[in-house]
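**Q** The structure's right below; bear with me while I get my questions together.
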Amino acid sequence: MTQPIKPGGADESYVVENLLQILWKALSAVQLYSSNNKIYLQAVDALRGALTLVWQRLDELQLQVSESALLWEDKKVLSQEDKSDSIPWTLFKDGVRSLTLSPGVEDREIIAFLHVIKDARLLAAEDPDDLLTLLWEEDFQHLRYGFVEISSDDVPRIQADTPVSQSESTPVSPGEIRGRLLREVEASGDTPEGVVDVDDFHSTLYFLDDWEVEYLTGEIDQEYQQNLRAKVLEILFEVFELQQNTKVRGEIISIIDSFLPHLLGVGDFQSVTLVVRRLRKLLDETQELTPDHRQAITALPVKLSNPTALGQLIQSLDDAAVQPTKDDIADFFGELGPHVLDTVLAWMPKLTNERVRETLRQVAERVAQEHPEQVVTALKTSDTAVLLQTLQLTSSLKVARLVPDFGRLLRHADTEIRRAAVDALGAIGSASAMKQLERSVEDEDRGIRIASIQYCVQHRYPGVLQKVEAVISGRALRGADLTEKKPFFEAYGLFCGNAGVDPLYQMLNAKRMFRRKDDPETRACAALALGKIGTPEARAALEKAKGVKDPLVRNAVGSALREIGL
Amino acid sequence: MTEPKVPAPKPRKSLALAMESSEGSIREHGRDFLIAFYSALRSLKLYPVENDQVQRALDSIFDTARSLYEVEGALELRVSHEFLYVNSVRLRLNLNNYATFSHVLTTLRQCGIGMVDVEEGVQRREWQIFLSQLLAYAPSDGVPDLSGLWQRMAQGGITHILLKPPPEHDEAFGDSEEAKDVAKRAYERSVAVTKELIGGVRMGRTASAKKIKRAVQSIVDQVLRNEVSLVGLTVVRGYDEQIFTHSVNVCIFSVSIGKRIGLTKLQLYDLGMAGLLHDFGKSRIPLEILNSEVPLTEEQEEVVRTHPWQGVLALFGLRGHGEIPYRAMVASYEHHMKTDLSGFPKTIEPRQLSMFSKIVAVANGYDTPPVRSFGKGVPVRPDEVLREMRENKDLGYDPILVKALINLLGVYPVGTCVILDTYEIAVVHGANPDLAQLHRPIVRIVVTAEGGRTDGSALVDLASVDETGNYRRSIIKVTEGLDYGINMSDYSV
């Protein structure tokens, strides 16, 4: 907060010192906090307030800059010996020797100035900028700075040209000069050479016409709207095509090779896509490519889809370090080819950015659909997370040729993988997919068993009957609950035909030889299975059980009879 | 002589009000004020005061001035270098207003006015008298002098419009020794950096990106502040190898044209960089070809013609040291193509040349040897170069940009040696800031009517008129300075 002003003559000096202390604090706030942070905002307010107090006393504030201090009227008003944190040193080391602030600086420019100081402190020696270039770019109107050009003393001074060689005919004396001049004027006659006809220049050259202004405005707009990178890339490809010199072509390939990481770094996927397309065109259409060049050009897109390179790229997308459009990303991956699938799938579980995840999911889906062989490769990974991602992605694609690979995963140690494989096979739903699912009805995981049998039911797969029969007639379902028993019995009823009526009848009526009476849930499921069989025999069996006392069983019988039709 | 009324310090406007009136608002109102000022001047020049248009124009300036005063609590119109300031805010030129601003700037300068201070209570009648006096004012012997104007304003009862001369250091043509020295240093540093850059490529070294950037920034600064001095330096020959000075000259001319067509400061930087690097490809052309004193063979010509695309490849070598100079690459590639693409290099597909390439092409066309280099080939006078650029469509320059170049250089470009109707010989110092007087440049008299040499320190505006309204001096002929032992650069450095 701005401190109260001391009365008296030292007033001006005090407000300046006060301002610079606040400026220093504000710089810390700018360095540490984002612009919507409360502390940042308070610091900015305080700085504006301090400047306001200065303008009540001074028309402008002229500060001299030394290595360790800012001086006002030869008096140190900000002294900072520690160079690492010093405003004077930051200014001094890049050549700034004076600063002049004037009213209006508080509106925007003082904050921009602090940001410049902050940015300048982060610059490395090899960076293309220093404090002076950054200050220049701000085009301050209320903040002037005086500076010295460091290490420019050795620049030779410009001098007037060496004296004109005097030939014998060069006039020297005033009389000779005048004589020559008169002769020249006389020789040129009434319309001397070199005199403009004013009409030539009248009006047309004074001001630009409206249409000319419009033309220039349009051209300037276009200059700044054009995709310069793409334009430069087109130039490179054009030179490549026109210049058949091997060395030149080699240089261009090398430029493109080292240019690609830069393009990716700035998120210019459009340009990278253009490069990949043009490279392919070069391979297809350019004659006289040397084997070396052909090989180098072929290698460029492959380099891009290298898992490490692609991983970097996806990471930068996820970090939102670059934000190309969804279409640009999709086009780019499309150009790279199917082998990117592994890497994309490997990254998908790690992505935090929903937009990127969705975009890459679509990319992966497309590749998987068009190139199932790539999914096969991906399904061989030992990385469970990736495998799961692949299964989840591909399950919706219903790619029949992946059935054996999904089937292989039904033996995977990880329950989630097995479950995802079941879903993938279930989604495909073909006989071969169901065949793979047969063994899963005996899986150790209850969810997998239920899902497997449900898919068999859903796709009316009779091949599962033998397994189901074994399950329902054995002990496997003894401890199971109704939700598990029910699909098994339904499956049995669907596929067993009249051959199942008798065993089901016995279960329903608890008349199985040498066995303990079945529990009501099993009996109810047997009734439902009879309903699924739906034959007169099955109906007859159900009719006989209509009088059963257990309400659960009785209801199931009723329901089954209704299914058959009264 | 009537003592000028020195404006008393005005009370500072209230703080709240100061905060309220943003810079943008002053710019907007200031621009309106300038337009009203210009319209009133123009109407008064064309019509009698009773004319409706004049009356409307006077209403307009009275109203805009009053509303600016009400918002700001003050109204000052100040001339500094090539800019106009309203209440310390610099008014920005753009394509739609530069002619208006230029006219007002010239009018004030011609009258020797550095500041117009408008006080509260100014009457409409005072505006009318003040503007009429401005139009009627003719400086004695072409030297602006405010005293006569002060006197007439006092006689006209103008008490709320106060005039001040420009500050001492702000010479009419921006040509103080200090300013000249700054321009020279900027030029020298730029040439040194270009030498380091282009020469470095041959030696396998790279120039500091910071230095290149600073060089272009300082050229932009100088073009904005003191264009005359900087453009004057482009006529100097022999300072360094032509390839280096040519690059800097093209940078200067490009930025100056850019300024004429209303580019912003940052756009001027982009353009300047493109100009400075446009011939970077020549760093790959063998020196024996570049420096050949004899006409090149066809084969050698072909090698030289590769420099545009060689430049693109070479500029990629700079990228490790900073931003990639895309615009410079495009300008390097396109600056010899000509607007109808009949130049070189040939292209596979039709293309639209970039605006910056076209500007660089025009700047390059004006500064290209042997046109401007007196070291080889037949020297061509600058005015002839301009005329050729304007008239010969086969050269393939954008005619509107050539127009802008002529606006920049005047009909007689800097360094042109002219014979005046007084039989004096003069060297053109700069274009007349009044666009209506492009054919009447500012010159230095270097030889008197009697044939005696002068030190050339006095600047003369060929647009100045005597008491009868006749021009004091006119050009009757362009001549070759060397024939009179005149070294043009003696007057630029």
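Ligands are numbered from 1 in the order shown, residues from 1 within each chain, and chains are lettered A, B, ... in the order they appear in the structure tokens.
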Pick out each residue of region 49-255 of chain B that DSSP on the backbone tags as strand (DSSP E); I need them as JSON, numbers by chain.
**A** {"B": [75, 76, 77, 78, 79, 80, 83, 84, 85, 86, 89, 90, 115, 116, 117, 118, 161, 162, 163, 164]}
**Q** What's around Val367 (chain A) at 10 Å? Count only C-alpha atoms, leave out sequence neighbours fewer than 6 positions away in its own chain, and write the answer as a compact mmCIF listing (two decimals) with all heavy atoms, in the first residue's frame.
**A**
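Okay, this is what ended up in part_26.txt:
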# COMPACT_ATOMS: atom_id res chain seq x y z
N PHE A 333 -1.69 -37.22 -38.24
CA PHE A 333 -1.52 -38.64 -37.91
C PHE A 333 -1.91 -39.51 -39.11
O PHE A 333 -1.32 -40.57 -39.33
CB PHE A 333 -2.35 -39.02 -36.68
CG PHE A 333 -1.67 -38.63 -35.41
CD1 PHE A 333 -1.97 -37.44 -34.77
CD2 PHE A 333 -0.70 -39.44 -34.85
CE1 PHE A 333 -1.34 -37.07 -33.60
CE2 PHE A 333 -0.05 -39.09 -33.67
CZ PHE A 333 -0.36 -37.90 -33.05
N GLY A 334 -2.90 -39.05 -39.86
CA GLY A 334 -3.31 -39.77 -41.05
C GLY A 334 -2.15 -39.90 -42.03
O GLY A 334 -1.96 -40.94 -42.65
N GLY A 337 0.78 -42.62 -41.16
CA GLY A 337 0.61 -44.04 -41.46
C GLY A 337 0.22 -44.84 -40.23
O GLY A 337 0.25 -44.35 -39.10
N PRO A 338 -0.12 -46.13 -40.47
CA PRO A 338 -0.74 -46.94 -39.42
C PRO A 338 0.18 -47.29 -38.25
O PRO A 338 -0.30 -47.55 -37.15
CB PRO A 338 -1.14 -48.22 -40.16
CG PRO A 338 -0.31 -48.25 -41.39
CD PRO A 338 -0.02 -46.85 -41.75
N HIS A 339 1.50 -47.25 -38.50
CA HIS A 339 2.37 -47.70 -37.41
C HIS A 339 2.39 -46.76 -36.22
O HIS A 339 3.06 -47.03 -35.23
CB HIS A 339 3.78 -47.96 -37.93
CG HIS A 339 4.26 -46.90 -38.85
ND1 HIS A 339 3.86 -46.85 -40.17
CD2 HIS A 339 5.07 -45.84 -38.64
CE1 HIS A 339 4.43 -45.79 -40.74
NE2 HIS A 339 5.15 -45.17 -39.84
N VAL A 340 1.68 -45.61 -36.31
CA VAL A 340 1.63 -44.71 -35.15
C VAL A 340 0.69 -45.28 -34.08
O VAL A 340 0.69 -44.81 -32.94
CB VAL A 340 1.14 -43.30 -35.52
CG1 VAL A 340 2.07 -42.66 -36.51
CG2 VAL A 340 -0.29 -43.33 -36.06
N LEU A 341 -0.08 -46.28 -34.47
CA LEU A 341 -1.14 -46.75 -33.56
C LEU A 341 -0.59 -47.18 -32.20
O LEU A 341 -1.14 -46.79 -31.15
CB LEU A 341 -1.92 -47.89 -34.21
CG LEU A 341 -3.12 -48.38 -33.40
CD1 LEU A 341 -4.19 -47.31 -33.32
CD2 LEU A 341 -3.71 -49.65 -34.00
N ARG A 361 -8.25 -40.65 -29.78
CA ARG A 361 -9.08 -41.85 -29.82
C ARG A 361 -9.65 -42.01 -31.24
O ARG A 361 -9.66 -43.10 -31.81
CB ARG A 361 -10.21 -41.74 -28.79
CG ARG A 361 -10.96 -43.06 -28.56
CD ARG A 361 -12.14 -42.86 -27.62
NE ARG A 361 -13.15 -41.96 -28.18
CZ ARG A 361 -13.97 -42.27 -29.16
NH1 ARG A 361 -13.95 -43.47 -29.68
NH2 ARG A 361 -14.84 -41.39 -29.61
N GLU A 373 -4.11 -54.99 -38.97
CA GLU A 373 -2.82 -55.64 -38.69
C GLU A 373 -2.04 -54.85 -37.64
O GLU A 373 -1.24 -55.43 -36.89
CB GLU A 373 -2.01 -55.81 -39.97
CG GLU A 373 -1.44 -54.54 -40.59
CD GLU A 373 -2.46 -53.73 -41.38
OE1 GLU A 373 -3.63 -54.14 -41.45
OE2 GLU A 373 -2.09 -52.67 -41.93
N GLN A 374 -2.28 -53.53 -37.61
CA GLN A 374 -1.58 -52.73 -36.60
C GLN A 374 -2.12 -53.02 -35.20
O GLN A 374 -1.41 -52.96 -34.21
CB GLN A 374 -1.73 -51.24 -36.90
CG GLN A 374 -0.84 -50.75 -38.02
CD GLN A 374 0.63 -51.00 -37.72
OE1 GLN A 374 1.09 -50.84 -36.60
NE2 GLN A 374 1.37 -51.44 -38.73
N VAL A 375 -3.42 -53.36 -35.15
CA VAL A 375 -4.02 -53.67 -33.85
C VAL A 375 -3.42 -54.99 -33.34
O VAL A 375 -3.14 -55.14 -32.15
CB VAL A 375 -5.55 -53.78 -33.95
CG1 VAL A 375 -6.17 -54.02 -32.59
CG2 VAL A 375 -6.13 -52.53 -34.59
**Q** Mind pulling up the distance from CA of Leu345 (chain A) to CA of Ser396 (chain A)?
**A**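 Separating CA of Ser396 (chain A) from CA of Leu345 (chain A) is a distance of 15.0 Å.
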**Q** Show me, as an mmCIF file with C-alpha atoms, in the first residue's frame, the residues that have an atom within 8 Å of region 544-554 of chain A when counting only C-alpha atoms, minus same-chain residues fewer than 4 positions from it.
**A**
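Just written: part05.cif:
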data_model
loop_
_atom_site.group_PDB
_atom_site.id
_atom_site.type_symbol
_atom_site.label_atom_id
_atom_site.label_comp_id
_atom_site.auth_asym_id
_atom_site.auth_seq_id
_atom_site.Cartn_x
_atom_site.Cartn_y
_atom_site.Cartn_z
ATOM 1 C CA LEU A 508 -37.739 -77.954 -10.787
ATOM 2 C CA ASN A 509 -39.510 -80.583 -8.764
ATOM 3 C CA PRO A 520 -35.529 -72.452 -4.761
ATOM 4 C CA GLU A 521 -33.333 -70.167 -6.944
ATOM 5 C CA ARG A 523 -35.540 -74.499 -9.262
ATOM 6 C CA ALA A 524 -36.888 -71.163 -10.424
ATOM 7 C CA ALA A 527 -38.566 -73.283 -14.690
ATOM 8 C CA ALA A 540 -46.248 -80.113 -19.866
ATOM 9 C CA GLY A 558 -45.988 -68.823 -14.167
#
**Q** Applying 10 Å and only C-alpha atoms, which residues near region 257-269 of chain A remain after dropping the ones on its own chain fewer than 3 positions away? List them as a PyMOL selection string.
**A** (chain A and resi 229-230+233+251-254+272-276+296-297+299-301+303-304+309-310+312-313+316-317+320-325+327-333) or (chain B and resi 316+319+324)
**Q** Please list as a ChimeraX atom specification every residue within 10 Å of Leu425 (chain A), counting only C-alpha atoms and excluding residues in the same chain fewer than 5 positions away.
**A** /A:391,395-396,398-400,402-407,410,419-420,430-437,452,455
**Q** Save the residues we just selected, N, CA, C and O atoms, as a short mmCIF file (atom, residue, chain, number, x, y, z; two decimals), in the first residue's frame?
**A**
data_model
loop_
_atom_site.label_atom_id
_atom_site.label_comp_id
_atom_site.auth_asym_id
_atom_site.auth_seq_id
_atom_site.Cartn_x
_atom_site.Cartn_y
_atom_site.Cartn_z
N LEU A 391 -7.92 -52.83 -26.37
CA LEU A 391 -9.13 -53.67 -26.38
C LEU A 391 -10.39 -52.82 -26.33
O LEU A 391 -11.35 -53.06 -27.06
N SER A 395 -12.90 -52.82 -29.44
CA SER A 395 -14.12 -53.61 -29.25
C SER A 395 -15.28 -53.01 -30.03
O SER A 395 -16.12 -53.72 -30.55
N SER A 396 -15.29 -51.71 -30.10
CA SER A 396 -16.41 -51.08 -30.80
C SER A 396 -16.26 -51.17 -32.32
O SER A 396 -17.18 -50.89 -33.06
N LYS A 398 -15.49 -53.93 -34.05
CA LYS A 398 -16.01 -55.22 -34.55
C LYS A 398 -15.19 -55.74 -35.73
O LYS A 398 -15.74 -56.03 -36.80
N VAL A 399 -13.89 -55.78 -35.54
CA VAL A 399 -13.04 -56.26 -36.63
C VAL A 399 -12.88 -57.77 -36.50
O VAL A 399 -12.22 -58.28 -35.58
N ALA A 400 -13.48 -58.53 -37.44
CA ALA A 400 -13.56 -59.99 -37.31
C ALA A 400 -12.18 -60.66 -37.31
O ALA A 400 -11.96 -61.64 -36.61
N LEU A 402 -9.65 -59.94 -35.90
CA LEU A 402 -8.93 -59.85 -34.62
C LEU A 402 -9.38 -60.92 -33.62
O LEU A 402 -8.83 -61.02 -32.53
N VAL A 403 -10.36 -61.75 -34.03
CA VAL A 403 -10.93 -62.73 -33.09
C VAL A 403 -9.87 -63.62 -32.44
O VAL A 403 -9.85 -63.78 -31.21
N PRO A 404 -8.97 -64.23 -33.23
CA PRO A 404 -7.98 -65.10 -32.58
C PRO A 404 -7.14 -64.35 -31.55
O PRO A 404 -6.79 -64.91 -30.51
N ASP A 405 -6.83 -63.07 -31.87
CA ASP A 405 -6.00 -62.30 -30.93
C ASP A 405 -6.76 -61.99 -29.65
O ASP A 405 -6.21 -62.05 -28.55
N PHE A 406 -8.02 -61.66 -29.82
CA PHE A 406 -8.84 -61.42 -28.62
C PHE A 406 -8.96 -62.73 -27.84
O PHE A 406 -8.91 -62.74 -26.60
N GLY A 407 -9.15 -63.82 -28.58
CA GLY A 407 -9.30 -65.13 -27.93
C GLY A 407 -8.07 -65.46 -27.09
O GLY A 407 -8.19 -65.94 -25.96
N LEU A 410 -8.08 -64.09 -23.68
CA LEU A 410 -9.00 -64.64 -22.66
C LEU A 410 -8.22 -65.46 -21.63
O LEU A 410 -8.76 -65.79 -20.57
N ARG A 419 -11.72 -59.50 -19.28
CA ARG A 419 -13.08 -58.96 -19.39
C ARG A 419 -13.23 -58.11 -20.67
O ARG A 419 -14.21 -58.20 -21.41
N ALA A 420 -12.20 -57.31 -20.94
CA ALA A 420 -12.25 -56.47 -22.14
C ALA A 420 -12.23 -57.33 -23.40
O ALA A 420 -12.89 -57.01 -24.40
N SER A 430 -19.55 -62.95 -33.97
CA SER A 430 -19.55 -64.00 -34.99
C SER A 430 -19.42 -65.36 -34.31
O SER A 430 -19.08 -65.46 -33.12
N ALA A 431 -19.64 -66.43 -35.10
CA ALA A 431 -19.55 -67.77 -34.54
C ALA A 431 -18.14 -68.03 -34.01
O ALA A 431 -17.96 -68.62 -32.93
N SER A 432 -17.16 -67.52 -34.77
CA SER A 432 -15.79 -67.77 -34.31
C SER A 432 -15.49 -67.00 -33.03
O SER A 432 -14.77 -67.48 -32.15
N ALA A 433 -16.07 -65.83 -32.93
CA ALA A 433 -15.87 -65.05 -31.69
C ALA A 433 -16.52 -65.77 -30.52
O ALA A 433 -15.95 -65.87 -29.42
N MET A 434 -17.72 -66.33 -30.76
CA MET A 434 -18.42 -67.04 -29.69
C MET A 434 -17.68 -68.32 -29.31
O MET A 434 -17.64 -68.71 -28.15
N LYS A 435 -17.11 -68.92 -30.31
CA LYS A 435 -16.33 -70.13 -30.05
C LYS A 435 -15.22 -69.81 -29.05
O LYS A 435 -14.95 -70.59 -28.12
N GLN A 436 -14.59 -68.62 -29.27
CA GLN A 436 -13.53 -68.21 -28.34
C GLN A 436 -14.08 -68.00 -26.94
O GLN A 436 -13.43 -68.27 -25.94
N LEU A 437 -15.33 -67.56 -26.90
CA LEU A 437 -15.92 -67.22 -25.60
C LEU A 437 -16.31 -68.46 -24.78
O LEU A 437 -16.53 -68.37 -23.57
N SER A 452 -19.77 -63.66 -20.60
CA SER A 452 -19.56 -64.62 -21.68
C SER A 452 -20.85 -65.34 -22.04
O SER A 452 -21.22 -65.45 -23.22
N TYR A 455 -23.30 -63.04 -23.78
CA TYR A 455 -23.02 -62.83 -25.21
C TYR A 455 -23.45 -64.04 -26.03
O TYR A 455 -23.97 -63.91 -27.13
#
**Q** Choose the residue, out of B:Val231, B:Ile285, B:Leu266, B:Ala436, that has the smallest atom-to-atom separation from Ile243 (chain B); count only C-alpha atoms.
**A**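 Ranking B:Val231, B:Ile285, B:Leu266, B:Ala436 by distance to Ile243 (chain B), first place goes to B:Ile285.
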**Q** Could you check how far CA of Val330 (chain B) sits from CA of Trp309 (chain B), in Å to one decimal?
**A**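 Rounded to one decimal, the two atoms are 9.2 Å apart.
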**Q** So how many Å separate CA of Gly447 (chain A) and CA of Leu504 (chain A), to one decimal?
**A**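 According to the coordinates, CA of Gly447 (chain A) and CA of Leu504 (chain A) are separated by 24.8 Å.
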**Q** Using only C-alpha atoms, find the one residue out of B:Glu384, B:Asp367, B:Glu301, B:Asp394 that sits nearest to Leu341 (chain B).
**A**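 Smallest distance to Leu341 (chain B) is found for B:Asp394.
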**Q** Considering only C-alpha atoms, return as a compact mmCIF listing (two decimals) with all heavy atoms, in the first residue's frame whatever protein or nucleic-acid residues lie within 7 Å of Val79 (chain B), sequence-local ones (same chain, fewer than 4 positions apart) excluded.
**A**
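Writing done, so here's result-v9.txt:
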# COMPACT_ATOMS: atom_id res chain seq x y z
N PHE B 83 6.44 13.89 -36.23
CA PHE B 83 5.19 13.47 -35.58
C PHE B 83 4.42 14.65 -35.04
O PHE B 83 4.98 15.70 -34.74
CB PHE B 83 5.49 12.50 -34.44
CG PHE B 83 6.19 11.26 -34.90
CD1 PHE B 83 7.54 11.06 -34.62
CD2 PHE B 83 5.52 10.32 -35.66
CE1 PHE B 83 8.18 9.92 -35.07
CE2 PHE B 83 6.16 9.18 -36.11
CZ PHE B 83 7.50 8.98 -35.81
N LEU B 84 3.14 14.40 -34.90
CA LEU B 84 2.27 15.37 -34.25
C LEU B 84 1.79 14.77 -32.93
O LEU B 84 1.46 13.58 -32.87
CB LEU B 84 1.05 15.65 -35.14
CG LEU B 84 1.30 16.58 -36.33
CD1 LEU B 84 0.11 16.52 -37.27
CD2 LEU B 84 1.54 18.01 -35.87
N TYR B 85 1.80 15.59 -31.92
CA TYR B 85 1.36 15.14 -30.61
C TYR B 85 0.17 15.99 -30.18
O TYR B 85 0.19 17.21 -30.37
CB TYR B 85 2.45 15.31 -29.56
CG TYR B 85 3.64 14.40 -29.74
CD1 TYR B 85 4.58 14.63 -30.73
CD2 TYR B 85 3.83 13.31 -28.90
CE1 TYR B 85 5.66 13.79 -30.90
CE2 TYR B 85 4.92 12.46 -29.06
CZ TYR B 85 5.84 12.71 -30.06
OH TYR B 85 6.91 11.87 -30.21
N LEU B 105 1.35 19.09 -40.54
CA LEU B 105 2.73 19.12 -40.06
C LEU B 105 3.55 20.12 -40.87
O LEU B 105 4.28 20.96 -40.32
CB LEU B 105 3.32 17.72 -40.20
CG LEU B 105 4.65 17.43 -39.55
CD1 LEU B 105 4.48 17.34 -38.05
CD2 LEU B 105 5.21 16.09 -40.05
N GLY B 114 6.22 25.28 -33.28
CA GLY B 114 6.53 24.02 -32.62
C GLY B 114 5.35 23.53 -31.80
O GLY B 114 5.17 22.34 -31.58
N MET B 115 4.57 24.50 -31.30
CA MET B 115 3.41 24.10 -30.49
C MET B 115 2.27 25.11 -30.60
O MET B 115 2.50 26.32 -30.64
CB MET B 115 3.82 24.00 -29.02
CG MET B 115 2.69 23.43 -28.15
SD MET B 115 2.96 23.68 -26.41
CE MET B 115 4.16 22.43 -26.09
**Q** B:Ala192, B:Leu318, B:Ala363, B:Ile442: which is nearest chain A, counting only C-alpha atoms?
**A** B:Ala192
**Q** Could you list, as a list in words, every residue within 10 Å of Gly156 (chain B), counting only C-alpha atoms and ignoring same-chain residues fewer than 6 positions away?
**A** Arg125, Glu126, Ile129, Phe130, Gln133 and Trp150 of chain B
